[in-house]
file protein39.tsv (TSV, C-alpha atoms (C1' of nucleotides))
chain	number	residue	atom	x	y	z
I	1	MET	CA	51.79	101.74	-45.42
I	2	SER	CA	51.92	102.62	-41.72
I	3	LEU	CA	54.99	103.78	-39.91
I	4	GLU	CA	55.04	100.50	-38.03
I	5	GLU	CA	55.56	98.55	-41.21
I	6	LYS	CA	58.47	100.53	-42.60
I	7	LYS	CA	61.75	98.65	-42.43
I	8	ILE	CA	64.33	100.42	-40.31
I	9	SER	CA	66.94	97.74	-40.82
I	10	CYS	CA	67.54	94.57	-42.81
I	11	HIS	CA	64.34	92.88	-41.83
I	12	LEU	CA	63.03	94.85	-38.91
I	13	THR	CA	60.19	97.29	-38.57
I	14	GLN	CA	60.32	99.86	-35.82
I	15	GLY	CA	57.64	97.96	-33.95
I	16	GLU	CA	59.53	94.69	-34.13
I	17	ALA	CA	62.75	96.33	-33.01
I	18	ASP	CA	60.98	97.98	-30.08
I	19	SER	CA	59.53	94.65	-29.08
I	20	PHE	CA	62.91	92.91	-29.02
I	21	ILE	CA	64.46	95.79	-27.12
I	22	LYS	CA	61.65	95.68	-24.59
I	23	ASN	CA	62.30	92.01	-23.93
I	24	LEU	CA	65.95	92.61	-23.14
I	25	PRO	CA	66.86	92.69	-19.45
I	26	VAL	CA	66.99	96.32	-18.36
I	27	GLU	CA	70.34	98.09	-18.32
I	28	GLU	CA	70.86	97.58	-14.61
I	29	GLU	CA	70.25	93.85	-14.88
I	30	ILE	CA	72.67	93.66	-17.79
I	31	GLN	CA	75.29	95.43	-15.69
I	32	ASP	CA	74.74	93.19	-12.69
I	33	LEU	CA	74.78	90.11	-14.84
I	34	SER	CA	78.01	91.04	-16.59
I	35	GLU	CA	79.66	91.78	-13.24
I	36	PHE	CA	78.53	88.42	-11.96
I	37	PHE	CA	80.05	86.56	-14.90
I	38	LYS	CA	83.18	88.69	-14.83
I	39	VAL	CA	84.02	87.12	-11.50
I	40	PHE	CA	84.44	83.77	-13.21
I	41	GLY	CA	86.35	85.24	-16.13
I	42	GLU	CA	89.67	85.42	-14.32
I	43	PRO	CA	92.00	82.45	-13.67
I	44	THR	CA	93.04	83.34	-10.12
I	45	ARG	CA	89.47	83.80	-8.93
I	46	LEU	CA	88.45	80.56	-10.60
I	47	LYS	CA	91.20	78.67	-8.79
I	48	ILE	CA	90.19	80.19	-5.47
I	49	LEU	CA	86.57	79.21	-6.05
I	50	PHE	CA	87.54	75.67	-7.05
I	51	LEU	CA	89.59	75.34	-3.87
I	52	LEU	CA	86.88	76.77	-1.63
I	53	LYS	CA	84.44	74.37	-3.24
I	54	GLU	CA	86.26	71.64	-1.31
I	55	LYS	CA	86.43	73.28	2.09
I	56	GLU	CA	87.16	76.56	3.86
I	57	PHE	CA	90.74	77.81	3.77
I	58	CYS	CA	92.63	80.61	5.41
I	59	VAL	CA	94.39	83.23	3.29
I	60	HIS	CA	97.78	81.68	3.82
I	61	ASP	CA	96.51	78.23	2.81
I	62	LEU	CA	95.34	79.73	-0.47
I	63	THR	CA	98.55	81.69	-0.94
I	64	VAL	CA	100.59	78.52	-0.55
I	65	MET	CA	98.43	76.36	-2.79
I	66	LEU	CA	98.12	78.96	-5.53
I	67	ASP	CA	101.82	79.80	-5.18
I	68	MET	CA	100.98	83.47	-5.25
I	69	ASN	CA	101.72	86.73	-3.57
I	70	GLN	CA	99.67	87.14	-0.38
I	71	THR	CA	98.66	90.62	-1.45
I	72	ALA	CA	97.27	89.41	-4.76
I	73	VAL	CA	95.26	86.71	-3.02
I	74	SER	CA	93.89	89.18	-0.49
I	75	HIS	CA	92.82	91.55	-3.24
I	76	GLN	CA	90.96	88.82	-5.06
I	77	LEU	CA	89.33	87.69	-1.83
I	78	LYS	CA	88.21	91.23	-1.22
I	79	TYR	CA	86.69	91.23	-4.70
I	80	LEU	CA	84.93	87.92	-4.07
I	81	ARG	CA	83.69	89.25	-0.74
I	82	GLN	CA	82.26	92.37	-2.37
I	83	VAL	CA	80.26	90.36	-4.87
I	84	ARG	CA	79.17	88.13	-2.00
I	85	LEU	CA	80.45	84.91	-3.48
I	86	VAL	CA	82.51	84.14	-0.40
I	87	LYS	CA	82.09	84.70	3.29
I	88	TYR	CA	84.71	84.63	6.01
I	89	ARG	CA	85.15	84.02	9.68
I	90	LYS	CA	88.01	85.23	11.83
I	91	ASP	CA	89.84	82.87	14.11
I	92	GLY	CA	92.73	84.42	15.96
I	93	LYS	CA	95.32	85.55	13.46
I	94	ASN	CA	93.60	83.69	10.66
I	95	VAL	CA	90.69	84.52	8.43
I	96	PHE	CA	88.93	81.55	6.92
I	97	TYR	CA	87.08	81.94	3.65
I	98	SER	CA	84.32	79.76	2.27
I	99	LEU	CA	81.75	79.84	-0.51
I	100	ASN	CA	78.65	81.87	0.08
I	101	ASP	CA	76.49	81.02	-2.89
I	102	GLU	CA	74.85	77.84	-3.95
I	103	HIS	CA	74.99	78.74	-7.64
I	104	ILE	CA	78.76	78.66	-7.82
I	105	THR	CA	79.19	74.91	-8.01
I	106	GLY	CA	76.56	74.67	-10.73
I	107	ILE	CA	78.06	77.53	-12.72
I	108	LEU	CA	81.52	75.99	-12.58
I	109	ALA	CA	80.15	72.62	-13.61
I	110	THR	CA	78.32	74.09	-16.59
I	111	GLY	CA	81.49	75.85	-17.67
I	112	LEU	CA	83.56	72.71	-17.36
I	113	ASP	CA	80.93	70.84	-19.31
I	114	HIS	CA	81.17	73.46	-22.04
I	115	ILE	CA	84.94	73.44	-22.47
I	116	GLY	CA	85.04	69.67	-22.18
I	117	GLU	CA	83.59	69.18	-25.63
W	1	MET	CA	106.76	63.18	13.08
W	2	SER	CA	106.91	62.60	9.34
W	3	LEU	CA	107.36	65.34	6.75
W	4	GLU	CA	103.81	64.70	5.57
W	5	GLU	CA	102.40	65.69	8.92
W	6	LYS	CA	104.20	68.98	9.30
W	7	LYS	CA	101.94	71.99	8.85
W	8	ILE	CA	103.02	74.20	5.97
W	9	SER	CA	100.19	76.61	6.51
W	10	CYS	CA	97.36	77.34	8.93
W	11	HIS	CA	95.90	73.88	8.91
W	12	LEU	CA	97.48	72.18	5.94
W	13	THR	CA	100.15	69.56	5.69
W	14	GLN	CA	102.16	69.30	2.49
W	15	GLY	CA	100.30	66.14	1.58
W	16	GLU	CA	96.91	67.76	2.04
W	17	ALA	CA	97.94	70.80	0.04
W	18	ASP	CA	99.23	68.60	-2.78
W	19	SER	CA	95.98	66.69	-2.81
W	20	PHE	CA	93.86	69.83	-3.16
W	21	ILE	CA	96.15	71.19	-5.86
W	22	LYS	CA	95.94	67.91	-7.75
W	23	ASN	CA	92.16	68.11	-7.77
W	24	LEU	CA	92.15	71.56	-9.36
W	25	PRO	CA	91.45	71.67	-13.09
W	26	VAL	CA	94.79	71.86	-14.89
W	27	GLU	CA	96.10	75.27	-15.92
W	28	GLU	CA	94.86	74.97	-19.50
W	29	GLU	CA	91.35	74.13	-18.35
W	30	ILE	CA	91.39	77.08	-15.99
W	31	GLN	CA	92.44	79.34	-18.84
W	32	ASP	CA	89.77	78.00	-21.18
W	33	LEU	CA	87.14	78.24	-18.50
W	34	SER	CA	87.98	81.82	-17.60
W	35	GLU	CA	87.90	82.81	-21.27
W	36	PHE	CA	84.53	81.18	-21.63
W	37	PHE	CA	83.07	83.11	-18.70
W	38	LYS	CA	84.78	86.31	-19.77
W	39	VAL	CA	82.52	86.34	-22.83
W	40	PHE	CA	79.51	86.84	-20.57
W	41	GLY	CA	81.28	89.39	-18.42
W	42	GLU	CA	80.71	92.30	-20.77
W	43	PRO	CA	77.41	94.20	-21.21
W	44	THR	CA	77.50	94.59	-25.00
W	45	ARG	CA	78.16	90.91	-25.59
W	46	LEU	CA	75.43	89.98	-23.13
W	47	LYS	CA	72.91	92.14	-24.98
W	48	ILE	CA	73.90	90.63	-28.31
W	49	LEU	CA	73.47	87.14	-26.90
W	50	PHE	CA	70.09	87.99	-25.37
W	51	LEU	CA	68.92	89.34	-28.73
W	52	LEU	CA	70.22	86.37	-30.69
W	53	LYS	CA	68.48	84.10	-28.21
W	54	GLU	CA	65.21	85.27	-29.83
W	55	LYS	CA	66.17	84.90	-33.47
W	56	GLU	CA	68.94	85.54	-35.97
W	57	PHE	CA	69.75	89.16	-36.77
W	58	CYS	CA	71.95	90.92	-39.28
W	59	VAL	CA	74.69	93.27	-38.08
W	60	HIS	CA	72.68	96.35	-38.87
W	61	ASP	CA	69.65	95.04	-36.95
W	62	LEU	CA	71.87	94.64	-33.92
W	63	THR	CA	73.48	98.03	-34.43
W	64	VAL	CA	70.06	99.69	-34.50
W	65	MET	CA	68.64	97.83	-31.52
W	66	LEU	CA	71.74	98.29	-29.39
W	67	ASP	CA	72.05	101.89	-30.53
W	68	MET	CA	75.74	101.39	-31.06
W	69	ASN	CA	78.51	102.04	-33.50
W	70	GLN	CA	78.53	99.46	-36.30
W	71	THR	CA	82.24	98.95	-35.81
W	72	ALA	CA	81.87	98.16	-32.14
W	73	VAL	CA	79.16	95.63	-32.88
W	74	SER	CA	81.25	94.00	-35.60
W	75	HIS	CA	84.21	93.70	-33.26
W	76	GLN	CA	82.12	92.00	-30.59
W	77	LEU	CA	80.60	89.69	-33.19
W	78	LYS	CA	84.08	88.75	-34.29
W	79	TYR	CA	84.92	87.96	-30.69
W	80	LEU	CA	81.79	85.84	-30.30
W	81	ARG	CA	82.61	84.08	-33.55
W	82	GLN	CA	86.11	83.27	-32.37
W	83	VAL	CA	84.87	81.65	-29.20
W	84	ARG	CA	82.28	79.81	-31.30
W	85	LEU	CA	79.26	81.10	-29.44
W	86	VAL	CA	77.69	82.45	-32.63
W	87	LYS	CA	77.59	81.37	-36.22
W	88	TYR	CA	76.70	83.39	-39.30
W	89	ARG	CA	75.36	83.06	-42.78
W	90	LYS	CA	75.79	85.55	-45.59
W	91	ASP	CA	72.83	86.70	-47.63
W	92	GLY	CA	73.60	89.32	-50.22
W	93	LYS	CA	74.87	92.42	-48.51
W	94	ASN	CA	73.82	91.13	-45.12
W	95	VAL	CA	75.41	88.78	-42.63
W	96	PHE	CA	73.04	87.09	-40.25
W	97	TYR	CA	74.26	85.97	-36.87
W	98	SER	CA	72.71	83.34	-34.62
W	99	LEU	CA	73.61	81.40	-31.49
W	100	ASN	CA	75.85	78.41	-31.93
W	101	ASP	CA	75.87	76.83	-28.51
W	102	GLU	CA	73.14	75.18	-26.54
W	103	HIS	CA	74.71	76.11	-23.21
W	104	ILE	CA	74.19	79.82	-23.69
W	105	THR	CA	70.53	79.98	-22.80
W	106	GLY	CA	71.12	77.94	-19.67
W	107	ILE	CA	74.08	80.03	-18.61
W	108	LEU	CA	72.15	83.26	-19.05
W	109	ALA	CA	69.19	81.84	-17.12
W	110	THR	CA	71.41	80.77	-14.23
W	111	GLY	CA	72.95	84.22	-14.12
W	112	LEU	CA	69.58	85.94	-14.15
W	113	ASP	CA	68.42	83.61	-11.43
W	114	HIS	CA	71.43	84.61	-9.38
W	115	ILE	CA	71.07	88.36	-9.66
W	116	GLY	CA	67.33	88.13	-9.18
W	117	GLU	CA	67.65	87.34	-5.51
K	1	DT	C1'	105.74	95.57	25.64
K	2	DG	C1'	107.96	94.04	21.81
K	3	DT	C1'	108.36	90.73	18.12
K	4	DA	C1'	106.65	87.57	14.80
K	5	DC	C1'	102.94	86.28	12.14
K	6	DA	C1'	98.51	86.87	9.36
K	7	DT	C1'	95.83	89.74	6.77
K	8	DA	C1'	94.26	94.05	4.61
K	9	DT	C1'	94.67	98.04	1.84
K	10	DG	C1'	96.28	102.35	-0.78
K	11	DT	C1'	99.14	103.25	-4.67
K	12	DT	C1'	101.61	102.26	-8.72
K	13	DT	C1'	102.48	99.79	-12.83
K	14	DA	C1'	101.70	96.86	-16.51
K	15	DT	C1'	98.52	94.75	-19.38
K	16	DA	C1'	94.11	93.70	-21.45
K	17	DT	C1'	90.39	95.25	-23.94
K	18	DA	C1'	86.11	98.05	-25.43
K	19	DT	C1'	85.27	101.66	-28.36
K	20	DT	C1'	86.21	104.81	-32.00
K	21	DC	C1'	88.30	106.30	-36.23
K	22	DA	C1'	89.82	105.52	-40.70
K	23	DT	C1'	89.52	102.64	-44.23
K	24	DA	C1'	89.06	98.32	-46.85
K	25	DT	C1'	86.18	94.72	-48.81
K	26	DG	C1'	82.18	93.03	-50.76
K	27	DT	C1'	77.39	93.38	-52.72
K	28	DT	C1'	73.51	95.36	-55.14
K	29	DA	C1'	71.17	98.18	-58.23
K	30	DA	C1'	70.81	102.23	-61.13
M	1	DT	C1'	80.94	101.14	-63.69
M	2	DT	C1'	79.56	104.12	-60.36
M	3	DA	C1'	77.05	105.04	-56.18
M	4	DA	C1'	75.03	103.48	-52.04
M	5	DC	C1'	74.87	100.24	-48.60
M	6	DA	C1'	76.56	96.44	-45.36
M	7	DT	C1'	80.20	94.55	-43.05
M	8	DA	C1'	84.98	93.82	-41.56
M	9	DT	C1'	89.36	95.12	-39.83
M	10	DG	C1'	93.86	97.49	-38.44
M	11	DA	C1'	95.35	101.14	-35.53
M	12	DA	C1'	94.78	104.48	-31.93
M	13	DT	C1'	92.85	105.74	-27.62
M	14	DA	C1'	90.77	105.41	-23.33
M	15	DT	C1'	89.59	102.70	-19.55
M	16	DA	C1'	89.56	98.76	-16.48
M	17	DT	C1'	92.00	95.83	-13.64
M	18	DA	C1'	95.44	92.15	-11.95
M	19	DA	C1'	99.61	92.01	-9.70
M	20	DA	C1'	103.31	94.00	-7.14
M	21	DC	C1'	105.10	97.11	-3.75
M	22	DA	C1'	104.95	99.49	0.46
M	23	DT	C1'	102.84	99.72	4.50
M	24	DA	C1'	99.15	99.51	7.99
M	25	DT	C1'	96.29	96.85	11.12
M	26	DG	C1'	95.41	93.24	14.13
M	27	DT	C1'	96.54	89.11	16.99
M	28	DA	C1'	99.25	86.00	19.84
M	29	DC	C1'	102.84	84.93	22.59
M	30	DA	C1'	107.43	85.22	24.71
call {"tool": "encode", "arguments": {"input": "protein39.tsv", "output": "C-alpha cells"}}
result
Amino acid sequence: MSLEEKKISCHLTQGEADSFIKNLPVEEEIQDLSEFFKVFGEPTRLKILFLLKEKEFCVHDLTVMLDMNQTAVSHQLKYLRQVRLVKYRKDGKNVFYSLNDEHITGILATGLDHIGE
Amino acid sequence: MSLEEKKISCHLTQGEADSFIKNLPVEEEIQDLSEFFKVFGEPTRLKILFLLKEKEFCVHDLTVMLDMNQTAVSHQLKYLRQVRLVKYRKDGKNVFYSLNDEHITGILATGLDHIGE
DNA sequence: TGTACATATGTTTATATATTCATATGTTAA
DNA sequence: TTAACATATGAATATATAAACATATGTACA
C-alpha cells in the first residue's frame, strides 16, 4: 500500500486532501474575499449602500436619513471608500457619495433573495 | 412655500427623505441581510464553504485540510448550521457536513469575480 | 476676518466574536 | 467495560471594530 493511499482522516488520503487544498483560493484571495463580504455584514453600511443605490447623497443627507451621528456616518463612508465601493465628489461645503461598483446591486439583490425565503 | 418643499439637508426636502427611507428594506430585513453576509466575511468560514462546495466532509477531514484546531472548526460549523448554510448527517463516530443552500456557490463566484479585477 | 456650516479624523470605549482551553458526550472495537 | 477516537460545547481570552467624543480641517458668506 503506497503512502498516497493511506487514510489520514475519515475518508481522505494525503493525495486527496492535497488536491482539495490546492483547489482552494489562495490565502490572499480568501482574505480579500472575506473583507469584501464583511462590508455587507454590517447594518449601517448596508443602509448606506441601499440609499446610494438610488442616487448620490451628501454626508448630511445620509446622516439625516439614517438618523445617526455624523461622525459614525463619516467613518463608515471612509471604510466604504477604502474598499472602493463608493466614490465621492466635492461640491463646495458638501461631499457627495455614490456607488462605485457594478457588483453591489447584484450582491444586494442576491442577499435579499436569500433572506426572502 | 410648503413644509414639504423646505430643504432639511443639502438637497433633500422632508418628503424626499421620507420617500427614500420608505424604500429601504425594513430594519429586520437589514439585520437578516447583514447576518447573512457576515457569514462570508470570515476567512475560516469561507474556506469551509469552498471545501464543502466540492463534496461532503467530516469534521476531522476539515480540521486536517484547514490545519486548524478541531474545536475552532466545530464552532464555525455550529455557526454555519445555525444560519442553515450547511447540513450534516451522522455516520458512526463521524459527522459529515455538506452545503445546504443553492445560493452559496453563486455568492462565492460573484465575490471571486469582484476581487479578481 | 470671523462665524457658521459640512466633513474628516484620532482616540476612547463598548461590544462582538474567533480561537483556545478544558471538558463533556457519544461511538466503536478490543 | 475500558480505551481510543470523533465531535460538541461552555468558559476564558484576545482581537476586531462600530459608535461616540473631542477636535481639526475646509468652505462660504456676512
call {"tool": "closest_atom_pairs", "arguments": {"input": "protein39.tsv", "of": "chain M", "to": "chain W", "cutoff": "8 Å", "atoms": "only C-alpha atoms (C1' of nucleotides)", "output": "tab-separated table"}}
result
residue	atom	partner	partner_atom	distance
M:DC5	C1'	W:Lys93	CA	7.8
M:DA6	C1'	W:Lys93	CA	5.4
M:DT7	C1'	W:Val95	CA	7.5
M:DA8	C1'	W:Ser74	CA	7.0
call {"tool": "write_last_selection", "arguments": {"input": "protein39.tsv", "atoms": "C-alpha atoms (C1' of nucleotides)", "output": "PDB file, keeping the file's coordinate frame"}}
result
ATOM      1  C1'  DC M   5      74.870 100.240 -48.600  1.00  0.00           C
ATOM      2  C1'  DA M   6      76.560  96.440 -45.360  1.00  0.00           C
ATOM      3  C1'  DT M   7      80.200  94.550 -43.050  1.00  0.00           C
ATOM      4  C1'  DA M   8      84.980  93.820 -41.560  1.00  0.00           C
TER       5       DA M   8
END
call {"tool": "closest_residue", "arguments": {"input": "protein39.tsv", "among": "I:His11, I:Lys22, I:Lys38, I:Lys90", "to": "chain W", "atoms": "all atoms listed in the file"}}
result
I:Lys38
call {"tool": "residues_around", "arguments": {"input": "protein39.tsv", "residues": "segment 51-55 of chain W", "least_positions_apart": "3", "cutoff": "10 Å", "atoms": "all atoms listed in the file", "output": "list in words"}}
result
Phe20, Ile21, Asn23 and Leu24 of chain I; Arg45, Leu46, Lys47, Ile48, Cys58, Leu62, Met65, Leu66, Val86, Phe96, Tyr97, Ser98, Leu99, Asn100, Ile104, Thr105 and Leu108 of chain W
call {"tool": "closest_atom_pairs", "arguments": {"input": "protein39.tsv", "of": "chain W", "to": "chain I", "cutoff": "6 Å", "atoms": "all atoms listed in the file", "output": "Markdown table"}}
result
| residue | atom | partner | partner_atom | distance |
| --- | --- | --- | --- | --- |
| W:Ser9 | CA | I:Asp61 | CA | 5.5 |
| W:Ile30 | CA | I:Pro43 | CA | 5.9 |
| W:Ser34 | CA | I:Gly41 | CA | 4.1 |
| W:Glu35 | CA | I:Gly41 | CA | 5.9 |
| W:Phe37 | CA | I:Gly41 | CA | 4.7 |
| W:Lys38 | CA | I:Gly41 | CA | 4.1 |
| W:Phe40 | CA | I:Phe37 | CA | 5.7 |
| W:Gly41 | CA | I:Ser34 | CA | 4.1 |
| W:Glu42 | CA | I:Ser34 | CA | 5.1 |
| W:Pro43 | CA | I:Ser34 | CA | 5.6 |
| W:Asp61 | CA | I:Ser9 | CA | 5.4 |
call {"tool": "closest_residue", "arguments": {"input": "protein39.tsv", "among": "K:DT27, K:DT11, K:DA16, K:DT3", "to": "chain W", "atoms": "all atoms listed in the file"}}
result
K:DT27
call {"tool": "closest_residue", "arguments": {"input": "protein39.tsv", "among": "K:DT7, K:DT20, K:DT28, K:DT15", "to": "chain I", "atoms": "only C-alpha atoms (C1' of nucleotides)"}}
result
K:DT7
call {"tool": "residues_around", "arguments": {"input": "protein39.tsv", "residues": "DG10 of chain K", "least_positions_apart": "4", "cutoff": "10 Å", "atoms": "all atoms listed in the file", "output": "PDB file with C-alpha atoms (C1' of nucleotides), keeping the file's coordinate frame"}}
result
ATOM      1  C1'  DA M  22     104.950  99.490   0.460  1.00  0.00           C
ATOM      2  C1'  DT M  23     102.840  99.720   4.500  1.00  0.00           C
ATOM      3  C1'  DA M  24      99.150  99.510   7.990  1.00  0.00           C
TER       4       DA M  24
END
call {"tool": "decode", "arguments": {"input": "protein39.tsv", "residues": "segment 2-23 of chain M", "atoms": "N, CA, C and O atoms (P, O5', C5', C4', C3', O3' and C1' of nucleotides)", "output": "CSV table (one decimal), in the first residue's frame"}}
result
chain,number,residue,atom,x,y,z
M,2,DT,P,-14.4,-0.6,33.7
M,2,DT,O5',-13.1,-0.2,32.9
M,2,DT,C5',-12.3,-1.3,32.4
M,2,DT,C4',-11.6,-0.8,31.1
M,2,DT,C3',-11.1,0.6,31.1
M,2,DT,O3',-9.8,0.6,30.6
M,2,DT,C1',-12.3,0.1,29.1
M,3,DA,P,-8.9,1.9,30.7
M,3,DA,O5',-8.5,2.1,29.2
M,3,DA,C5',-8.1,1.0,28.4
M,3,DA,C4',-8.0,1.4,27.0
M,3,DA,C3',-7.4,2.8,26.8
M,3,DA,O3',-6.5,2.8,25.6
M,3,DA,C1',-9.6,2.6,25.8
M,4,DA,P,-5.7,4.0,25.2
M,4,DA,O5',-6.4,4.4,23.8
M,4,DA,C5',-6.5,3.4,22.8
M,4,DA,C4',-7.4,3.9,21.7
M,4,DA,C3',-6.9,5.3,21.3
M,4,DA,O3',-6.9,5.3,19.8
M,4,DA,C1',-9.3,5.3,21.8
M,5,DC,P,-6.3,6.6,19.1
M,5,DC,O5',-7.7,7.2,18.4
M,5,DC,C5',-8.5,6.3,17.7
M,5,DC,C4',-9.8,7.0,17.5
M,5,DC,C3',-9.8,8.4,16.9
M,5,DC,O3',-10.5,8.4,15.7
M,5,DC,C1',-11.3,8.2,18.7
M,6,DA,P,-10.5,9.7,14.8
M,6,DA,O5',-11.9,10.3,15.1
M,6,DA,C5',-13.0,9.6,14.7
M,6,DA,C4',-14.2,10.5,15.0
M,6,DA,C3',-14.1,12.0,14.6
M,6,DA,O3',-15.2,12.3,13.8
M,6,DA,C1',-14.7,11.9,16.9
M,7,DT,P,-15.3,13.8,13.2
M,7,DT,O5',-16.2,14.5,14.3
M,7,DT,C5',-17.4,14.0,14.7
M,7,DT,C4',-18.0,14.8,15.9
M,7,DT,C3',-18.1,16.3,15.7
M,7,DT,O3',-19.5,16.6,15.6
M,7,DT,C1',-17.3,15.7,17.9
M,8,DA,P,-19.9,18.1,15.6
M,8,DA,O5',-20.1,18.4,17.2
M,8,DA,C5',-21.0,17.6,17.9
M,8,DA,C4',-21.1,18.2,19.3
M,8,DA,C3',-21.5,19.7,19.4
M,8,DA,O3',-22.6,19.8,20.3
M,8,DA,C1',-19.6,19.2,20.7
M,9,DT,P,-23.3,21.2,20.4
M,9,DT,O5',-22.7,21.8,21.7
M,9,DT,C5',-22.6,21.1,22.9
M,9,DT,C4',-21.8,21.8,23.9
M,9,DT,C3',-22.0,23.4,23.9
M,9,DT,O3',-22.1,23.8,25.2
M,9,DT,C1',-19.8,22.9,23.9
M,10,DG,P,-23.2,24.9,25.6
M,10,DG,O5',-22.6,25.5,26.9
M,10,DG,C5',-22.3,24.7,28.0
M,10,DG,C4',-21.2,25.3,28.8
M,10,DG,C3',-21.2,26.8,29.0
M,10,DG,O3',-20.8,27.1,30.4
M,10,DG,C1',-19.2,26.2,27.9
M,11,DA,P,-20.8,28.6,30.8
M,11,DA,O5',-19.3,28.9,30.9
M,11,DA,C5',-18.4,27.9,31.4
M,11,DA,C4',-17.0,28.5,31.4
M,11,DA,C3',-16.9,30.0,31.6
M,11,DA,O3',-15.7,30.3,32.5
M,11,DA,C1',-15.9,29.5,29.5
M,12,DA,P,-15.3,31.8,32.8
M,12,DA,O5',-14.0,32.0,32.0
M,12,DA,C5',-12.9,31.0,32.1
M,12,DA,C4',-11.8,31.4,31.2
M,12,DA,C3',-11.4,32.9,31.4
M,12,DA,O3',-10.0,33.0,31.4
M,12,DA,C1',-11.9,32.4,29.1
M,13,DT,P,-9.3,34.4,31.5
M,13,DT,O5',-8.8,34.6,30.0
M,13,DT,C5',-8.1,33.6,29.3
M,13,DT,C4',-7.8,34.1,27.9
M,13,DT,C3',-7.3,35.6,27.9
M,13,DT,O3',-6.2,35.7,27.0
M,13,DT,C1',-9.1,35.2,26.3
M,14,DA,P,-5.3,37.0,27.0
M,14,DA,O5',-5.2,37.2,25.5
M,14,DA,C5',-5.3,36.1,24.6
M,14,DA,C4',-5.7,36.7,23.2
M,14,DA,C3',-5.2,38.1,22.9
M,14,DA,O3',-4.8,38.1,21.6
M,14,DA,C1',-7.6,38.0,22.8
M,15,DT,P,-4.1,39.4,21.0
M,15,DT,O5',-5.1,39.9,19.9
M,15,DT,C5',-5.7,38.9,19.0
M,15,DT,C4',-6.9,39.5,18.3
M,15,DT,C3',-6.7,40.9,17.7
M,15,DT,O3',-7.1,40.8,16.4
M,15,DT,C1',-8.7,40.8,19.0
M,16,DA,P,-6.7,42.0,15.4
M,16,DA,O5',-8.2,42.3,14.8
M,16,DA,C5',-9.1,41.3,14.7
M,16,DA,C4',-10.5,41.9,14.5
M,16,DA,C3',-10.5,43.2,13.7
M,16,DA,O3',-11.6,43.1,12.8
M,16,DA,C1',-11.5,43.5,15.8
M,17,DT,P,-11.8,44.3,11.8
M,17,DT,O5',-13.0,45.2,12.4
M,17,DT,C5',-14.2,44.6,12.9
M,17,DT,C4',-15.0,45.6,13.6
M,17,DT,C3',-14.9,47.0,13.0
M,17,DT,O3',-16.2,47.7,13.1
M,17,DT,C1',-14.5,47.1,15.2
M,18,DA,P,-17.0,47.9,11.8
M,18,DA,O5',-18.4,48.5,12.3
M,18,DA,C5',-19.2,47.7,13.2
M,18,DA,C4',-19.9,48.6,14.2
M,18,DA,C3',-20.3,49.9,13.7
M,18,DA,O3',-21.6,50.2,14.3
M,18,DA,C1',-18.8,50.3,15.5
M,19,DA,P,-22.3,51.6,13.8
M,19,DA,O5',-22.1,52.5,15.1
M,19,DA,C5',-22.4,52.0,16.4
M,19,DA,C4',-22.0,53.0,17.5
M,19,DA,C3',-22.4,54.4,17.2
M,19,DA,O3',-23.1,54.9,18.3
M,19,DA,C1',-20.1,54.2,17.7
M,20,DA,P,-23.5,56.5,18.3
M,20,DA,O5',-22.5,57.1,19.3
M,20,DA,C5',-22.2,56.5,20.5
M,20,DA,C4',-21.2,57.2,21.3
M,20,DA,C3',-21.4,58.8,21.3
M,20,DA,O3',-21.2,59.3,22.6
M,20,DA,C1',-19.2,58.2,20.5
M,21,DC,P,-21.5,60.8,22.9
M,21,DC,O5',-20.0,61.4,23.0
M,21,DC,C5',-19.0,60.7,23.8
M,21,DC,C4',-17.7,61.4,23.7
M,21,DC,C3',-17.8,62.9,23.6
M,21,DC,O3',-16.9,63.5,24.5
M,21,DC,C1',-16.5,62.1,21.8
M,22,DA,P,-16.9,65.1,24.7
M,22,DA,O5',-15.5,65.5,24.0
M,22,DA,C5',-14.3,64.7,24.2
M,22,DA,C4',-13.2,65.2,23.3
M,22,DA,C3',-13.2,66.7,23.1
M,22,DA,O3',-11.8,67.2,23.2
M,22,DA,C1',-13.4,65.7,21.0
M,23,DT,P,-11.5,68.8,23.1
M,23,DT,O5',-11.1,68.9,21.6
M,23,DT,C5',-10.1,67.9,21.1
M,23,DT,C4',-10.0,68.0,19.6
M,23,DT,C3',-9.9,69.5,19.0
M,23,DT,O3',-8.7,69.5,18.2
M,23,DT,C1',-11.4,68.2,17.8
